[in-house]
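Please read the structure below before turning to the comments.
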Amino acid sequence: MAAAFALRISLDSLLRDRLPYFTFFLATIFCAWYCGSRPALAAMLGGWVLGDWFFDDDRHRLGWPNETGLLAAFTYLLASGTTIFFSRHLHRAREQADCNAATALQNQHLLELEVADRKRIEAEVRRLNAELERRVADRTAELVNLNQELESFTYSVSHDLRAPLRHIDGYTQILAADFGATLPGEARELLDKVRAGSQNMGRLVDDLLNLSRVGQKELDRRPVALDLVVAAAREELAAEAAGREIEWRLSPMPNVACDPGLIKQVFVNLLSNAIKYTRPRARAAISVDHFTQGGELVFRIRDNGVGFDPRFAEKLFGVFQRLHPASEFEGTGIGLATVARIIRKHGGRIWAEAEPNQGASFQFTLAAVPQFSRA
């Protein structure tokens, strides 16, 4: 109120008795906005007294000797009273504005903290990505070195190990041919065992090399007619099936995208096992078909052979894992490991189901790749 009075005095020479309550009305609005109705009412009354006393006609007494002074006082009281009437809302609006401003400042502070935290997280992510890239590069270099070592090992196996085995087999064959008639029976039996062992070792080396090549070979995925693949596998196994009574139950097979060479190896190994383990049967039954299960295309090779204990089904796909003694069924224990590696390379999975003396069923899937219509 003192500031309004001082401002009115400073403007009196310009206003010359006009607008005596102007600055006091502004003070009333200010009090209504910041302080509420009671301070605004006190400001209105104080402004009316000071305006009438100092700045209206016939100063130094209350009253309105003329219409001009009466109109000015009435206008001031009416406008100020209206302001005071709405002062509660004005004060609440100001408080709400202050609250909104405080909330905005708090939100801005939180936003700044969040931005700073996000920048810190982004920096940490960049650091982790750089660390991951470095580790990937290191692992890649290690993998390259391991592959080079594997290639060296493969070369050594293919040359340094196979050559002595060929020599042993060749010399024992010459020994049996040239001196077999003069050797005692026990000596000829031992000689046959030496030759059989060297031949079995040679097959083992070949299977290991084949398993190694599967891991190194890049997939050549293309549209393949599986009917032709199965037919080619049967033709390759014709010598094993010669003289056997085998009922082949071959269902039409779809055309899929796969590596033809590797998938042929899968069918060769699985059909070879089926031929081998149905040997005790007078009439073998081997079927090849496919079906859909859970949205996946499943390929199946079944036989009526000797089967195996289902508790050990997972062991079949490990290297050197056999469920039947070599005296009953020959083999190196690597064929199914090769099959499993090929299937995994195609993004699929393989499993076996069987019961002792009830036959076996080998099933596998390939990755979800587009199928092709049959020609």
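Lettering and numbering for the structure tokens are positional, with chains as A, B, ... in the shown order, residues counted from 1 in each chain, and ligands counted from 1 in the shown order.
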Check your understanding: If we count only C-alpha atoms, what is near range 273-278 of chain A at a cut-off of 6 Å, once residues fewer than 5 positions away on the same chain are taken out, given as a list in words?
Key ->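 Everything that qualifies: Ala284, Asp303, Gly305 and Val306 of chain A.
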Review point. What does the distance from CA of His346 in chain A to CA of Glu218 in chain A come to in Å, to one decimal?
Key: 10.5 Å
Counting only C-alpha atoms, what is within 9 Å of Asp289 in chain A, bar same-chain residues fewer than 6 positions away, as a PDB file with N, CA and C atoms, in the first residue's frame?
```pdb
ATOM      1  N   ARG A 249       9.587 -99.924 -47.485  1.00  0.00           N
ATOM      2  CA  ARG A 249       8.329 -99.167 -47.471  1.00  0.00           C
ATOM      3  C   ARG A 249       8.681 -97.682 -47.592  1.00  0.00           C
ATOM      4  N   LEU A 250       8.675 -97.208 -48.816  1.00  0.00           N
ATOM      5  CA  LEU A 250       9.126 -95.848 -49.084  1.00  0.00           C
ATOM      6  C   LEU A 250       7.928 -94.977 -49.456  1.00  0.00           C
ATOM      7  N   SER A 251       7.645 -93.991 -48.610  1.00  0.00           N
ATOM      8  CA  SER A 251       6.578 -93.038 -48.908  1.00  0.00           C
ATOM      9  C   SER A 251       7.122 -91.909 -49.773  1.00  0.00           C
ATOM     10  N   PRO A 252       6.267 -91.280 -50.571  1.00  0.00           N
ATOM     11  CA  PRO A 252       6.732 -90.110 -51.342  1.00  0.00           C
ATOM     12  C   PRO A 252       7.287 -89.043 -50.412  1.00  0.00           C
ATOM     13  N   MET A 253       8.420 -88.511 -50.778  1.00  0.00           N
ATOM     14  CA  MET A 253       9.100 -87.526 -49.934  1.00  0.00           C
ATOM     15  C   MET A 253       8.975 -86.143 -50.546  1.00  0.00           C
ATOM     16  N   VAL A 298       8.826 -83.626 -40.024  1.00  0.00           N
ATOM     17  CA  VAL A 298       9.663 -84.643 -39.389  1.00  0.00           C
ATOM     18  C   VAL A 298       9.880 -85.788 -40.378  1.00  0.00           C
ATOM     19  N   PHE A 299      11.147 -86.173 -40.543  1.00  0.00           N
ATOM     20  CA  PHE A 299      11.508 -87.303 -41.397  1.00  0.00           C
ATOM     21  C   PHE A 299      11.829 -88.495 -40.498  1.00  0.00           C
ATOM     22  N   ARG A 300      11.392 -89.702 -40.949  1.00  0.00           N
ATOM     23  CA  ARG A 300      11.497 -90.868 -40.071  1.00  0.00           C
ATOM     24  C   ARG A 300      12.003 -92.082 -40.853  1.00  0.00           C
ATOM     25  N   ILE A 301      12.944 -92.804 -40.238  1.00  0.00           N
ATOM     26  CA  ILE A 301      13.439 -94.079 -40.758  1.00  0.00           C
ATOM     27  C   ILE A 301      13.194 -95.126 -39.675  1.00  0.00           C
ATOM     28  N   ARG A 302      12.374 -96.136 -39.990  1.00  0.00           N
ATOM     29  CA  ARG A 302      12.025 -97.168 -39.009  1.00  0.00           C
ATOM     30  C   ARG A 302      12.466 -98.542 -39.517  1.00  0.00           C
TER      31      ARG A 302
END
```
Point to revise | Nearest residue to Pro164 in chain A from the set A:Met201, A:Leu111, A:Ala102, A:Leu41 (distances using only C-alpha atoms) | key: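 For Pro164 in chain A, the nearest of the candidates is A:Met201.
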Would you return as a PDB file with C-alpha atoms, in the first residue's frame the members of range 84-317 of chain A that DSSP assigns to strand (DSSP E or B) on this structure's backbone?
```pdb
ATOM      1  CA  ARG A 222      19.428 -75.727 -52.522  1.00  0.00           C
ATOM      2  CA  PRO A 223      16.078 -77.265 -53.544  1.00  0.00           C
ATOM      3  CA  VAL A 224      16.483 -81.026 -53.282  1.00  0.00           C
ATOM      4  CA  ALA A 225      14.106 -83.859 -54.192  1.00  0.00           C
ATOM      5  CA  ILE A 246      14.175-106.643 -47.133  1.00  0.00           C
ATOM      6  CA  GLU A 247      10.750-105.056 -47.502  1.00  0.00           C
ATOM      7  CA  TRP A 248      11.267-101.393 -48.366  1.00  0.00           C
ATOM      8  CA  ARG A 249       8.329 -99.167 -47.471  1.00  0.00           C
ATOM      9  CA  LEU A 250       9.126 -95.848 -49.084  1.00  0.00           C
ATOM     10  CA  ASN A 255      11.326 -81.388 -51.870  1.00  0.00           C
ATOM     11  CA  VAL A 256      13.215 -79.282 -49.320  1.00  0.00           C
ATOM     12  CA  ALA A 257      16.081 -76.814 -49.201  1.00  0.00           C
ATOM     13  CA  CYS A 258      19.187 -78.576 -47.902  1.00  0.00           C
ATOM     14  CA  ALA A 284      13.532-107.167 -42.604  1.00  0.00           C
ATOM     15  CA  ALA A 285      11.133-104.222 -42.882  1.00  0.00           C
ATOM     16  CA  ILE A 286      12.584-100.725 -43.388  1.00  0.00           C
ATOM     17  CA  SER A 287      10.370 -97.692 -43.942  1.00  0.00           C
ATOM     18  CA  VAL A 288      11.103 -94.086 -44.865  1.00  0.00           C
ATOM     19  CA  ASP A 289       8.367 -91.486 -44.497  1.00  0.00           C
ATOM     20  CA  HIS A 290       7.621 -88.024 -43.143  1.00  0.00           C
ATOM     21  CA  PHE A 291       4.872 -86.284 -41.179  1.00  0.00           C
ATOM     22  CA  THR A 292       4.086 -82.921 -39.607  1.00  0.00           C
ATOM     23  CA  GLN A 293       4.326 -82.512 -35.841  1.00  0.00           C
ATOM     24  CA  GLU A 296       7.587 -79.056 -38.044  1.00  0.00           C
ATOM     25  CA  LEU A 297       8.279 -81.428 -40.904  1.00  0.00           C
ATOM     26  CA  VAL A 298       9.663 -84.643 -39.389  1.00  0.00           C
ATOM     27  CA  PHE A 299      11.508 -87.303 -41.397  1.00  0.00           C
ATOM     28  CA  ARG A 300      11.497 -90.868 -40.071  1.00  0.00           C
ATOM     29  CA  ILE A 301      13.439 -94.079 -40.758  1.00  0.00           C
ATOM     30  CA  ARG A 302      12.025 -97.168 -39.009  1.00  0.00           C
ATOM     31  CA  ASP A 303      13.035-100.820 -38.907  1.00  0.00           C
TER      32      ASP A 303
END
```
Point to revise | Non-local contacts of Glu355 in chain A (12 Å; only C-alpha atoms; under 3 positions in same chain excluded) as a list in words | key: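 The neighbour list is Asp303, Asn304, Gly305, Val306, Gly307, Phe308, Asp309, Pro310, Arg311, Phe312, Ala313, Ala352, Gln358, Gly359, Ala360 and Ser361 of chain A.
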The selected residues should be written to file as an mmCIF file, in the first residue's frame (atoms: N, CA and C atoms).
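Saved as out-v9.cif:
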```cif
data_model
loop_
_atom_site.group_PDB
_atom_site.id
_atom_site.type_symbol
_atom_site.label_atom_id
_atom_site.label_comp_id
_atom_site.auth_asym_id
_atom_site.auth_seq_id
_atom_site.Cartn_x
_atom_site.Cartn_y
_atom_site.Cartn_z
ATOM 1 N N ASP A 303 12.700 -99.440 -38.549
ATOM 2 C CA ASP A 303 13.035 -100.820 -38.907
ATOM 3 C C ASP A 303 12.468 -101.762 -37.853
ATOM 4 N N ASN A 304 12.501 -103.037 -38.164
ATOM 5 C CA ASN A 304 12.021 -104.059 -37.221
ATOM 6 C C ASN A 304 13.180 -104.865 -36.658
ATOM 7 N N GLY A 305 14.304 -104.166 -36.425
ATOM 8 C CA GLY A 305 15.515 -104.827 -35.963
ATOM 9 C C GLY A 305 15.533 -105.113 -34.482
ATOM 10 N N VAL A 306 16.744 -105.205 -33.965
ATOM 11 C CA VAL A 306 16.910 -105.633 -32.566
ATOM 12 C C VAL A 306 16.596 -104.520 -31.582
ATOM 13 N N GLY A 307 16.538 -103.280 -32.053
ATOM 14 C CA GLY A 307 16.226 -102.173 -31.159
ATOM 15 C C GLY A 307 17.305 -101.938 -30.121
ATOM 16 N N PHE A 308 16.957 -101.191 -29.062
ATOM 17 C CA PHE A 308 17.900 -100.923 -27.974
ATOM 18 C C PHE A 308 17.124 -100.398 -26.778
ATOM 19 N N ASP A 309 17.810 -100.280 -25.664
ATOM 20 C CA ASP A 309 17.205 -99.765 -24.440
ATOM 21 C C ASP A 309 16.982 -98.261 -24.596
ATOM 22 N N PRO A 310 15.732 -97.779 -24.533
ATOM 23 C CA PRO A 310 15.473 -96.351 -24.759
ATOM 24 C C PRO A 310 16.119 -95.436 -23.730
ATOM 25 N N ARG A 311 16.535 -95.966 -22.593
ATOM 26 C CA ARG A 311 17.180 -95.114 -21.592
ATOM 27 C C ARG A 311 18.509 -94.552 -22.097
ATOM 28 N N PHE A 312 19.098 -95.226 -23.074
ATOM 29 C CA PHE A 312 20.409 -94.803 -23.568
ATOM 30 C C PHE A 312 20.324 -94.205 -24.970
ATOM 31 N N ALA A 313 19.140 -93.720 -25.335
ATOM 32 C CA ALA A 313 18.951 -93.209 -26.701
ATOM 33 C C ALA A 313 19.868 -92.026 -26.997
ATOM 34 N N ALA A 352 15.874 -90.584 -31.268
ATOM 35 C CA ALA A 352 15.621 -92.001 -31.567
ATOM 36 C C ALA A 352 14.628 -92.563 -30.563
ATOM 37 N N GLN A 358 12.215 -104.755 -30.564
ATOM 38 C CA GLN A 358 10.995 -104.208 -31.152
ATOM 39 C C GLN A 358 11.295 -103.205 -32.268
ATOM 40 N N GLY A 359 12.514 -103.171 -32.729
ATOM 41 C CA GLY A 359 12.864 -102.245 -33.793
ATOM 42 C C GLY A 359 13.217 -100.863 -33.263
ATOM 43 N N ALA A 360 13.630 -99.996 -34.177
ATOM 44 C CA ALA A 360 14.046 -98.642 -33.806
ATOM 45 C C ALA A 360 13.487 -97.646 -34.818
ATOM 46 N N SER A 361 13.349 -96.419 -34.367
ATOM 47 C CA SER A 361 12.858 -95.335 -35.221
ATOM 48 C C SER A 361 13.744 -94.116 -35.002
#
```
Check your understanding: Quick one: distance from CA of Asp259 in chain A to CA of Thr365 in chain A in Å, one decimal?
Key ->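 Answer for the CA of Asp259 in chain A to CA of Thr365 in chain A separation: 13.8 Å.
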Check your understanding: So, counting only C-alpha atoms, which residue among A:Leu50, A:Leu90, A:Leu366, A:Met44 is closest to Leu77 in chain A?
Key ->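 Among the listed residues, A:Met44 lies closest to Leu77 in chain A.
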Revision key, fill the gap. Using only C-alpha atoms, the best pick from A:Arg188, A:Lys264, A:Arg120, A:Arg135 as closest to Ile342 in chain A would be A:Lys264
Review point. Just asking: which residues within range 159-206 of chain A are alpha helix (DSSP H) according to DSSP, as a PyMOL selection string?
Key: chain A and resi 162-179+185-206
Could you please take those selected residues and save C-alpha atoms as an mmCIF file, in the first residue's frame?
```cif
data_model
loop_
_atom_site.group_PDB
_atom_site.id
_atom_site.type_symbol
_atom_site.label_atom_id
_atom_site.label_comp_id
_atom_site.auth_asym_id
_atom_site.auth_seq_id
_atom_site.Cartn_x
_atom_site.Cartn_y
_atom_site.Cartn_z
ATOM 1 C CA ARG A 162 46.420 -94.449 -42.793
ATOM 2 C CA ALA A 163 49.692 -95.363 -44.529
ATOM 3 C CA PRO A 164 50.894 -97.690 -41.729
ATOM 4 C CA LEU A 165 47.468 -99.290 -41.586
ATOM 5 C CA ARG A 166 47.571 -99.976 -45.311
ATOM 6 C CA HIS A 167 51.030 -101.473 -44.885
ATOM 7 C CA ILE A 168 49.867 -103.759 -42.085
ATOM 8 C CA ASP A 169 46.868 -104.899 -44.093
ATOM 9 C CA GLY A 170 48.963 -105.392 -47.227
ATOM 10 C CA TYR A 171 51.740 -107.318 -45.496
ATOM 11 C CA THR A 172 49.320 -109.578 -43.630
ATOM 12 C CA GLN A 173 47.526 -110.250 -46.905
ATOM 13 C CA ILE A 174 50.832 -111.188 -48.572
ATOM 14 C CA LEU A 175 51.808 -113.301 -45.582
ATOM 15 C CA ALA A 176 48.493 -115.178 -45.683
ATOM 16 C CA ALA A 177 48.731 -115.694 -49.457
ATOM 17 C CA ASP A 178 52.356 -116.829 -49.558
ATOM 18 C CA PHE A 179 52.767 -118.705 -46.290
ATOM 19 C CA GLY A 185 45.956 -122.921 -37.532
ATOM 20 C CA GLU A 186 46.384 -120.705 -34.485
ATOM 21 C CA ALA A 187 48.892 -118.518 -36.339
ATOM 22 C CA ARG A 188 46.517 -118.129 -39.301
ATOM 23 C CA GLU A 189 43.739 -117.177 -36.882
ATOM 24 C CA LEU A 190 45.934 -114.530 -35.262
ATOM 25 C CA LEU A 191 46.940 -113.265 -38.690
ATOM 26 C CA ASP A 192 43.287 -112.890 -39.638
ATOM 27 C CA LYS A 193 42.645 -110.964 -36.421
ATOM 28 C CA VAL A 194 45.561 -108.619 -37.166
ATOM 29 C CA ARG A 195 44.220 -107.958 -40.646
ATOM 30 C CA ALA A 196 40.646 -107.438 -39.381
ATOM 31 C CA GLY A 197 41.936 -105.031 -36.712
ATOM 32 C CA SER A 198 43.890 -102.976 -39.231
ATOM 33 C CA GLN A 199 40.901 -102.827 -41.563
ATOM 34 C CA ASN A 200 38.627 -101.776 -38.695
ATOM 35 C CA MET A 201 41.160 -99.113 -37.688
ATOM 36 C CA GLY A 202 41.222 -97.893 -41.280
ATOM 37 C CA ARG A 203 37.438 -97.576 -41.292
ATOM 38 C CA LEU A 204 37.596 -95.739 -37.972
ATOM 39 C CA VAL A 205 40.119 -93.266 -39.395
ATOM 40 C CA ASP A 206 37.929 -92.757 -42.468
#
```
Practice item. Compare A:Arg281, A:Tyr34, A:Ala340, A:Met1 by their minimum atom-to-atom distance to Asn357 in chain A, counting only C-alpha atoms, and give me the closest one. Key: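 The answer is A:Arg281, which sits nearest to Asn357 in chain A.
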Review point. Do you know which residues are at most 9 Å from Arg234 in chain A counting only C-alpha atoms, after dropping those on the same chain fewer than 6 positions away, and could you put them as a list in words?
Key: Ala241, Phe267, Val268, Leu271 and Ser272 of chain A
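If only C-alpha atoms are the atoms counted, then among A:Leu262, A:Leu209, A:Ala6, A:Leu228 the closest residue to Ile334 in chain A is A:Leu209.
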**Study point:** Two-atom distance - CA of Ile263 in chain A, CA of Leu316 in chain A (Å)
**Key:** 18.7 Å
